[in-house]
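*Asks:* What follows is run05.cif, made up of mmCIF, N, CA and C atoms:
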data_data
loop_
_atom_site.group_PDB
_atom_site.id
_atom_site.type_symbol
_atom_site.label_atom_id
_atom_site.label_comp_id
_atom_site.auth_asym_id
_atom_site.auth_seq_id
_atom_site.Cartn_x
_atom_site.Cartn_y
_atom_site.Cartn_z
ATOM 1 N N MET A 1 69.808 -50.794 -63.874
ATOM 2 C CA MET A 1 68.571 -50.766 -64.605
ATOM 3 C C MET A 1 67.866 -49.436 -64.389
ATOM 4 N N GLU A 2 67.345 -48.928 -65.434
ATOM 5 C CA GLU A 2 66.598 -47.686 -65.341
ATOM 6 C C GLU A 2 65.156 -47.982 -64.981
ATOM 7 N N GLN A 3 64.617 -47.117 -64.111
ATOM 8 C CA GLN A 3 63.207 -47.248 -63.760
ATOM 9 C C GLN A 3 62.409 -46.241 -64.575
ATOM 10 N N THR A 4 61.310 -46.671 -65.046
ATOM 11 C CA THR A 4 60.457 -45.748 -65.789
ATOM 12 C C THR A 4 59.578 -44.973 -64.820
ATOM 13 N N HIS A 5 58.949 -43.966 -65.357
ATOM 14 C CA HIS A 5 58.085 -43.103 -64.547
ATOM 15 C C HIS A 5 56.932 -43.898 -63.932
ATOM 16 N N ALA A 6 56.433 -44.877 -64.633
ATOM 17 C CA ALA A 6 55.303 -45.659 -64.140
ATOM 18 C C ALA A 6 55.697 -46.528 -62.960
ATOM 19 N N GLU A 7 56.974 -46.935 -62.889
ATOM 20 C CA GLU A 7 57.412 -47.764 -61.787
ATOM 21 C C GLU A 7 57.665 -46.948 -60.524
ATOM 22 N N ILE A 8 57.962 -45.677 -60.669
ATOM 23 C CA ILE A 8 58.280 -44.841 -59.511
ATOM 24 C C ILE A 8 57.015 -44.342 -58.811
ATOM 25 N N THR A 9 56.074 -43.871 -59.572
ATOM 26 C CA THR A 9 54.870 -43.302 -58.966
ATOM 27 C C THR A 9 53.871 -44.401 -58.650
ATOM 28 N N PRO A 10 53.288 -44.353 -57.452
ATOM 29 C CA PRO A 10 52.286 -45.361 -57.106
ATOM 30 C C PRO A 10 51.008 -45.110 -57.897
ATOM 31 N N PRO A 11 50.256 -46.142 -58.132
ATOM 32 C CA PRO A 11 48.999 -45.938 -58.878
ATOM 33 C C PRO A 11 48.034 -45.097 -58.051
ATOM 34 N N GLN A 12 47.391 -44.156 -58.707
ATOM 35 C CA GLN A 12 46.449 -43.291 -58.020
ATOM 36 C C GLN A 12 45.043 -43.803 -58.229
ATOM 37 N N GLU A 13 44.246 -43.650 -57.166
ATOM 38 C CA GLU A 13 42.850 -44.057 -57.264
ATOM 39 C C GLU A 13 42.101 -43.020 -58.093
ATOM 40 N N PRO A 14 41.143 -43.453 -58.862
ATOM 41 C CA PRO A 14 40.371 -42.472 -59.635
ATOM 42 C C PRO A 14 39.585 -41.566 -58.692
ATOM 43 N N LEU A 15 39.436 -40.309 -59.073
ATOM 44 C CA LEU A 15 38.716 -39.359 -58.248
ATOM 45 C C LEU A 15 37.239 -39.720 -58.198
ATOM 46 N N GLN A 16 36.721 -39.740 -56.984
ATOM 47 C CA GLN A 16 35.304 -40.040 -56.806
ATOM 48 C C GLN A 16 34.501 -38.763 -57.016
ATOM 49 N N PRO A 17 33.399 -38.847 -57.721
ATOM 50 C CA PRO A 17 32.570 -37.652 -57.878
ATOM 51 C C PRO A 17 32.010 -37.221 -56.520
ATOM 52 N N ARG A 18 31.938 -35.913 -56.308
ATOM 53 C CA ARG A 18 31.459 -35.383 -55.039
ATOM 54 C C ARG A 18 29.950 -35.538 -54.968
ATOM 55 N N LYS A 19 29.479 -36.186 -53.920
ATOM 56 C CA LYS A 19 28.054 -36.393 -53.754
ATOM 57 C C LYS A 19 27.432 -35.122 -53.191
ATOM 58 N N GLU A 20 26.446 -34.609 -53.883
ATOM 59 C CA GLU A 20 25.763 -33.416 -53.405
ATOM 60 C C GLU A 20 24.757 -33.807 -52.338
ATOM 61 N N MET A 21 24.541 -32.878 -51.416
ATOM 62 C CA MET A 21 23.567 -33.120 -50.365
ATOM 63 C C MET A 21 22.184 -32.736 -50.873
ATOM 64 N N SER A 22 21.230 -33.579 -50.589
ATOM 65 C CA SER A 22 19.854 -33.305 -51.011
ATOM 66 C C SER A 22 19.187 -32.368 -50.001
ATOM 67 N N VAL A 23 17.988 -31.965 -50.316
ATOM 68 C CA VAL A 23 17.233 -31.094 -49.416
ATOM 69 C C VAL A 23 16.957 -31.808 -48.096
ATOM 70 N N VAL A 24 16.665 -33.080 -48.172
ATOM 71 C CA VAL A 24 16.419 -33.855 -46.949
ATOM 72 C C VAL A 24 17.690 -33.941 -46.102
ATOM 73 N N ASP A 25 18.840 -34.144 -46.740
ATOM 74 C CA ASP A 25 20.113 -34.174 -46.006
ATOM 75 C C ASP A 25 20.361 -32.849 -45.297
ATOM 76 N N TRP A 26 20.100 -31.740 -45.991
ATOM 77 C CA TRP A 26 20.287 -30.417 -45.384
ATOM 78 C C TRP A 26 19.308 -30.202 -44.236
ATOM 79 N N ALA A 27 18.059 -30.643 -44.404
ATOM 80 C CA ALA A 27 17.066 -30.482 -43.337
ATOM 81 C C ALA A 27 17.481 -31.262 -42.091
ATOM 82 N N ILE A 28 17.959 -32.486 -42.287
ATOM 83 C CA ILE A 28 18.415 -33.294 -41.150
ATOM 84 C C ILE A 28 19.647 -32.661 -40.512
ATOM 85 N N THR A 29 20.567 -32.188 -41.329
ATOM 86 C CA THR A 29 21.779 -31.559 -40.805
ATOM 87 C C THR A 29 21.441 -30.327 -39.977
ATOM 88 N N LEU A 30 20.573 -29.469 -40.489
ATOM 89 C CA LEU A 30 20.197 -28.263 -39.757
ATOM 90 C C LEU A 30 19.419 -28.591 -38.490
ATOM 91 N N PHE A 31 18.553 -29.606 -38.552
ATOM 92 C CA PHE A 31 17.800 -30.007 -37.365
ATOM 93 C C PHE A 31 18.730 -30.529 -36.280
ATOM 94 N N VAL A 32 19.633 -31.425 -36.641
ATOM 95 C CA VAL A 32 20.554 -32.005 -35.652
ATOM 96 C C VAL A 32 21.495 -30.925 -35.110
ATOM 97 N N ALA A 33 21.961 -30.027 -35.969
ATOM 98 C CA ALA A 33 22.869 -28.962 -35.520
ATOM 99 C C ALA A 33 22.174 -27.973 -34.593
ATOM 100 N N SER A 34 20.854 -27.880 -34.673
ATOM 101 C CA SER A 34 20.139 -26.929 -33.825
ATOM 102 C C SER A 34 19.840 -27.486 -32.435
ATOM 103 N N LEU A 35 20.039 -28.766 -32.211
ATOM 104 C CA LEU A 35 19.822 -29.350 -30.888
ATOM 105 C C LEU A 35 20.919 -28.855 -29.945
ATOM 106 N N PRO A 36 20.552 -28.508 -28.708
ATOM 107 C CA PRO A 36 21.504 -27.815 -27.829
ATOM 108 C C PRO A 36 22.854 -28.498 -27.632
ATOM 109 N N LEU A 37 22.933 -29.641 -27.056
ATOM 110 C CA LEU A 37 24.237 -30.257 -26.782
ATOM 111 C C LEU A 37 24.624 -31.247 -27.871
ATOM 112 N N ILE A 38 23.659 -31.990 -28.344
ATOM 113 C CA ILE A 38 23.917 -32.980 -29.388
ATOM 114 C C ILE A 38 24.392 -32.293 -30.670
ATOM 115 N N GLY A 39 23.817 -31.147 -30.969
ATOM 116 C CA GLY A 39 24.202 -30.413 -32.173
ATOM 117 C C GLY A 39 25.654 -29.985 -32.140
ATOM 118 N N LEU A 40 26.109 -29.505 -30.980
ATOM 119 C CA LEU A 40 27.507 -29.090 -30.857
ATOM 120 C C LEU A 40 28.452 -30.278 -31.024
ATOM 121 N N ILE A 41 28.077 -31.395 -30.420
ATOM 122 C CA ILE A 41 28.898 -32.602 -30.553
ATOM 123 C C ILE A 41 28.933 -33.059 -32.004
ATOM 124 N N MET A 42 27.769 -33.045 -32.662
ATOM 125 C CA MET A 42 27.718 -33.483 -34.056
ATOM 126 C C MET A 42 28.464 -32.534 -34.982
ATOM 127 N N LEU A 43 28.464 -31.234 -34.673
ATOM 128 C CA LEU A 43 29.253 -30.302 -35.482
ATOM 129 C C LEU A 43 30.731 -30.650 -35.418
ATOM 130 N N PHE A 44 31.220 -31.015 -34.239
ATOM 131 C CA PHE A 44 32.618 -31.440 -34.120
ATOM 132 C C PHE A 44 32.869 -32.745 -34.875
ATOM 133 N N VAL A 45 31.930 -33.679 -34.773
ATOM 134 C CA VAL A 45 32.092 -34.960 -35.478
ATOM 135 C C VAL A 45 32.112 -34.737 -36.985
ATOM 136 N N TRP A 46 31.173 -33.928 -37.474
ATOM 137 C CA TRP A 46 31.113 -33.676 -38.920
ATOM 138 C C TRP A 46 32.300 -32.849 -39.398
ATOM 139 N N ALA A 47 32.762 -31.913 -38.580
ATOM 140 C CA ALA A 47 33.855 -31.036 -39.009
ATOM 141 C C ALA A 47 35.192 -31.775 -39.059
ATOM 142 N N PHE A 48 35.437 -32.641 -38.101
ATOM 143 C CA PHE A 48 36.759 -33.251 -38.001
ATOM 144 C C PHE A 48 36.757 -34.753 -38.230
ATOM 145 N N GLY A 49 35.608 -35.318 -38.550
ATOM 146 C CA GLY A 49 35.530 -36.738 -38.877
ATOM 147 C C GLY A 49 35.998 -36.984 -40.308
ATOM 148 N N SER A 50 36.429 -38.183 -40.573
ATOM 149 C CA SER A 50 36.977 -38.471 -41.898
ATOM 150 C C SER A 50 35.918 -38.949 -42.881
ATOM 151 N N ASP A 51 34.780 -39.409 -42.394
ATOM 152 C CA ASP A 51 33.800 -39.983 -43.298
ATOM 153 C C ASP A 51 32.637 -39.049 -43.614
ATOM 154 N N ALA A 52 32.710 -37.798 -43.197
ATOM 155 C CA ALA A 52 31.616 -36.857 -43.440
ATOM 156 C C ALA A 52 31.687 -36.317 -44.878
ATOM 157 N N ASN A 53 30.552 -35.925 -45.373
ATOM 158 C CA ASN A 53 30.458 -35.303 -46.683
ATOM 159 C C ASN A 53 31.252 -33.998 -46.660
ATOM 160 N N LEU A 54 31.931 -33.676 -47.746
ATOM 161 C CA LEU A 54 32.773 -32.478 -47.798
ATOM 162 C C LEU A 54 31.955 -31.210 -47.577
ATOM 163 N N THR A 55 30.776 -31.145 -48.143
ATOM 164 C CA THR A 55 29.920 -29.978 -47.950
ATOM 165 C C THR A 55 29.490 -29.852 -46.500
ATOM 166 N N ARG A 56 29.103 -30.973 -45.888
ATOM 167 C CA ARG A 56 28.704 -30.963 -44.481
ATOM 168 C C ARG A 56 29.904 -30.624 -43.591
ATOM 169 N N ARG A 57 31.081 -31.108 -43.960
ATOM 170 C CA ARG A 57 32.285 -30.814 -43.191
ATOM 171 C C ARG A 57 32.590 -29.314 -43.214
ATOM 172 N N ASN A 58 32.502 -28.698 -44.383
ATOM 173 C CA ASN A 58 32.746 -27.256 -44.480
ATOM 174 C C ASN A 58 31.684 -26.455 -43.743
ATOM 175 N N PHE A 59 30.423 -26.882 -43.839
ATOM 176 C CA PHE A 59 29.350 -26.217 -43.100
ATOM 177 C C PHE A 59 29.606 -26.292 -41.606
ATOM 178 N N SER A 60 30.030 -27.452 -41.114
ATOM 179 C CA SER A 60 30.272 -27.629 -39.682
ATOM 180 C C SER A 60 31.434 -26.774 -39.208
ATOM 181 N N LYS A 61 32.485 -26.695 -39.995
ATOM 182 C CA LYS A 61 33.619 -25.843 -39.623
ATOM 183 C C LYS A 61 33.204 -24.381 -39.572
ATOM 184 N N ALA A 62 32.390 -23.952 -40.542
ATOM 185 C CA ALA A 62 31.916 -22.562 -40.549
ATOM 186 C C ALA A 62 31.004 -22.299 -39.356
ATOM 187 N N ALA A 63 30.137 -23.244 -39.017
ATOM 188 C CA ALA A 63 29.244 -23.074 -37.872
ATOM 189 C C ALA A 63 30.035 -23.004 -36.571
ATOM 190 N N LEU A 64 31.048 -23.848 -36.426
ATOM 191 C CA LEU A 64 31.883 -23.805 -35.223
ATOM 192 C C LEU A 64 32.657 -22.496 -35.131
ATOM 193 N N LEU A 65 33.116 -21.990 -36.261
ATOM 194 C CA LEU A 65 33.812 -20.711 -36.272
ATOM 195 C C LEU A 65 32.879 -19.584 -35.851
ATOM 196 N N LEU A 66 31.657 -19.588 -36.338
ATOM 197 C CA LEU A 66 30.688 -18.563 -35.941
ATOM 198 C C LEU A 66 30.332 -18.667 -34.462
ATOM 199 N N ILE A 67 30.238 -19.882 -33.944
ATOM 200 C CA ILE A 67 29.976 -20.064 -32.509
ATOM 201 C C ILE A 67 31.130 -19.496 -31.692
ATOM 202 N N LEU A 68 32.360 -19.756 -32.115
ATOM 203 C CA LEU A 68 33.527 -19.231 -31.402
ATOM 204 C C LEU A 68 33.564 -17.703 -31.440
ATOM 205 N N ILE A 69 33.290 -17.120 -32.597
ATOM 206 C CA ILE A 69 33.266 -15.659 -32.710
ATOM 207 C C ILE A 69 32.161 -15.078 -31.828
ATOM 208 N N SER A 70 31.004 -15.725 -31.786
ATOM 209 C CA SER A 70 29.900 -15.257 -30.942
ATOM 210 C C SER A 70 30.278 -15.289 -29.468
ATOM 211 N N ILE A 71 30.932 -16.358 -29.042
ATOM 212 C CA ILE A 71 31.347 -16.463 -27.643
ATOM 213 C C ILE A 71 32.333 -15.359 -27.295
ATOM 214 N N ILE A 72 33.282 -15.089 -28.181
ATOM 215 C CA ILE A 72 34.261 -14.028 -27.924
ATOM 216 C C ILE A 72 33.566 -12.669 -27.826
ATOM 217 N N ILE A 73 32.629 -12.399 -28.723
ATOM 218 C CA ILE A 73 31.899 -11.123 -28.681
ATOM 219 C C ILE A 73 31.077 -11.019 -27.397
ATOM 220 N N TYR A 74 30.411 -12.101 -26.983
ATOM 221 C CA TYR A 74 29.632 -12.082 -25.752
ATOM 222 C C TYR A 74 30.509 -11.811 -24.541
ATOM 223 N N VAL A 75 31.665 -12.429 -24.481
ATOM 224 C CA VAL A 75 32.569 -12.212 -23.347
ATOM 225 C C VAL A 75 33.031 -10.758 -23.312
ATOM 226 N N ILE A 76 33.372 -10.204 -24.459
ATOM 227 C CA ILE A 76 33.791 -8.791 -24.509
ATOM 228 C C ILE A 76 32.658 -7.885 -24.055
ATOM 229 N N LEU A 77 31.438 -8.126 -24.538
ATOM 230 C CA LEU A 77 30.297 -7.300 -24.132
ATOM 231 C C LEU A 77 29.994 -7.427 -22.645
ATOM 232 N N ILE A 78 30.089 -8.627 -22.111
ATOM 233 C CA ILE A 78 29.861 -8.823 -20.674
ATOM 234 C C ILE A 78 30.893 -8.058 -19.868
ATOM 235 N N LEU A 79 32.153 -8.092 -20.287
ATOM 236 C CA LEU A 79 33.189 -7.356 -19.565
ATOM 237 C C LEU A 79 32.958 -5.847 -19.643
ATOM 238 N N ILE A 80 32.535 -5.355 -20.800
ATOM 239 C CA ILE A 80 32.270 -3.916 -20.949
ATOM 240 C C ILE A 80 31.109 -3.495 -20.053
ATOM 241 N N PHE A 81 30.001 -4.243 -20.103
ATOM 242 C CA PHE A 81 28.849 -3.886 -19.286
ATOM 243 C C PHE A 81 29.130 -4.067 -17.800
ATOM 244 N N ALA A 82 29.907 -5.076 -17.436
ATOM 245 C CA ALA A 82 30.248 -5.277 -16.028
ATOM 246 C C ALA A 82 31.082 -4.111 -15.513
ATOM 247 N N SER A 83 32.042 -3.641 -16.300
ATOM 248 C CA SER A 83 32.845 -2.501 -15.844
ATOM 249 C C SER A 83 32.001 -1.232 -15.799
ATOM 250 N N PHE A 84 31.061 -1.068 -16.734
ATOM 251 C CA PHE A 84 30.170 0.094 -16.716
ATOM 252 C C PHE A 84 29.303 0.088 -15.464
ATOM 253 N N PHE A 85 28.678 -1.038 -15.163
ATOM 254 C CA PHE A 85 27.816 -1.101 -13.987
ATOM 255 C C PHE A 85 28.608 -1.009 -12.695
ATOM 256 N N LYS A 86 29.833 -1.506 -12.681
ATOM 257 C CA LYS A 86 30.677 -1.383 -11.492
ATOM 258 C C LYS A 86 31.000 0.084 -11.242
ATOM 259 N N SER A 87 31.391 0.811 -12.288
ATOM 260 C CA SER A 87 31.689 2.234 -12.109
ATOM 261 C C SER A 87 30.426 3.012 -11.756
ATOM 262 N N PHE A 88 29.283 2.643 -12.328
ATOM 263 C CA PHE A 88 28.014 3.293 -11.990
ATOM 264 C C PHE A 88 27.651 3.036 -10.533
ATOM 265 N N TRP A 89 27.886 1.804 -10.062
ATOM 266 C CA TRP A 89 27.596 1.450 -8.688
ATOM 267 C C TRP A 89 28.483 2.233 -7.717
ATOM 268 N N GLU A 90 29.766 2.329 -8.055
ATOM 269 C CA GLU A 90 30.677 3.087 -7.198
ATOM 270 C C GLU A 90 30.326 4.573 -7.197
ATOM 271 N N LEU A 91 29.933 5.101 -8.320
ATOM 272 C CA LEU A 91 29.543 6.509 -8.421
ATOM 273 C C LEU A 91 28.269 6.757 -7.638
ATOM 274 N N SER A 92 27.314 5.852 -7.687
ATOM 275 C CA SER A 92 26.062 6.064 -6.963
ATOM 276 C C SER A 92 26.253 5.908 -5.461
ATOM 277 N N ASN A 93 27.243 5.132 -5.025
ATOM 278 C CA ASN A 93 27.497 4.976 -3.593
ATOM 279 C C ASN A 93 28.186 6.211 -3.007
ATOM 280 N N GLN A 94 28.781 7.041 -3.805
ATOM 281 C CA GLN A 94 29.435 8.251 -3.285
ATOM 282 C C GLN A 94 28.413 9.271 -2.808
ATOM 283 N N TYR A 95 27.227 9.260 -3.380
ATOM 284 C CA TYR A 95 26.221 10.257 -3.038
ATOM 285 C C TYR A 95 25.201 9.746 -2.013
ATOM 286 N N VAL A 96 25.422 8.569 -1.515
ATOM 287 C CA VAL A 96 24.465 8.038 -0.529
ATOM 288 C C VAL A 96 24.933 8.295 0.863
#
Kindly return the structure encoded in the file as structure tokens.
*Replies:*
Amino acid sequence: MEQTHAEITPPQEPLQPRKEMSVVDWAITLFVASLPLIGLIMLFVWAFGSDANLTRRNFSKAALLLILISIIIYVILILIFASFFKSFWELSNQYV
């Protein structure tokens, strides 16, 4: 027996329209994300959770990426300044 195309492919669910975030949703999102520890936890939940709004999920991923880039830049700057002050300290101890 031949199978038709309709029998082979499973039925697809209709695409749900993307719900836009309102101004209040954005205000709550920005407020919660700005809280020191809770905000970081919520950014991870929104970024990698399955039930988050797509816009909020993308915002959270971008915010986490910026946090990671900031941490890397801070570590590099701390290492540069630490080596500068170490060499300055050693140089100043030679003349004492």
*Asks:* Please expand the PyMOL selection byres (((chain A and resi 59-74 and name CA) around 12) and name CA) into the concrete residues it hits in this file, giving the result as an MDAnalysis selection string.
*Replies:* chainID A and resid 21 26 29:30 32:34 39:49 52:58 75:82
*Asks:* Hey, what does DSSP flag as helix (DSSP H, G or I) within chain A? Can you give it to me as a PyMOL selection string?
*Replies:* chain A and resi 5-8+23-34+36-48+54-94
*Asks:* By how many Å are CA of Asp51 in chain A and CA of Ile28 in chain A apart?
*Replies:*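 Pair CA of Asp51 in chain A / CA of Ile28 in chain A returns 16.9 Å.
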*Asks:* In Å to one decimal, how far is atom N of Lys19 in chain A from atom C of Ser50 in chain A?
*Replies:* 13.1 Å
*Asks:* What's the separation between CA of Val24 in chain A and CA of Leu37 in chain A, in Å to one decimal place?
*Replies:* 21.9 Å
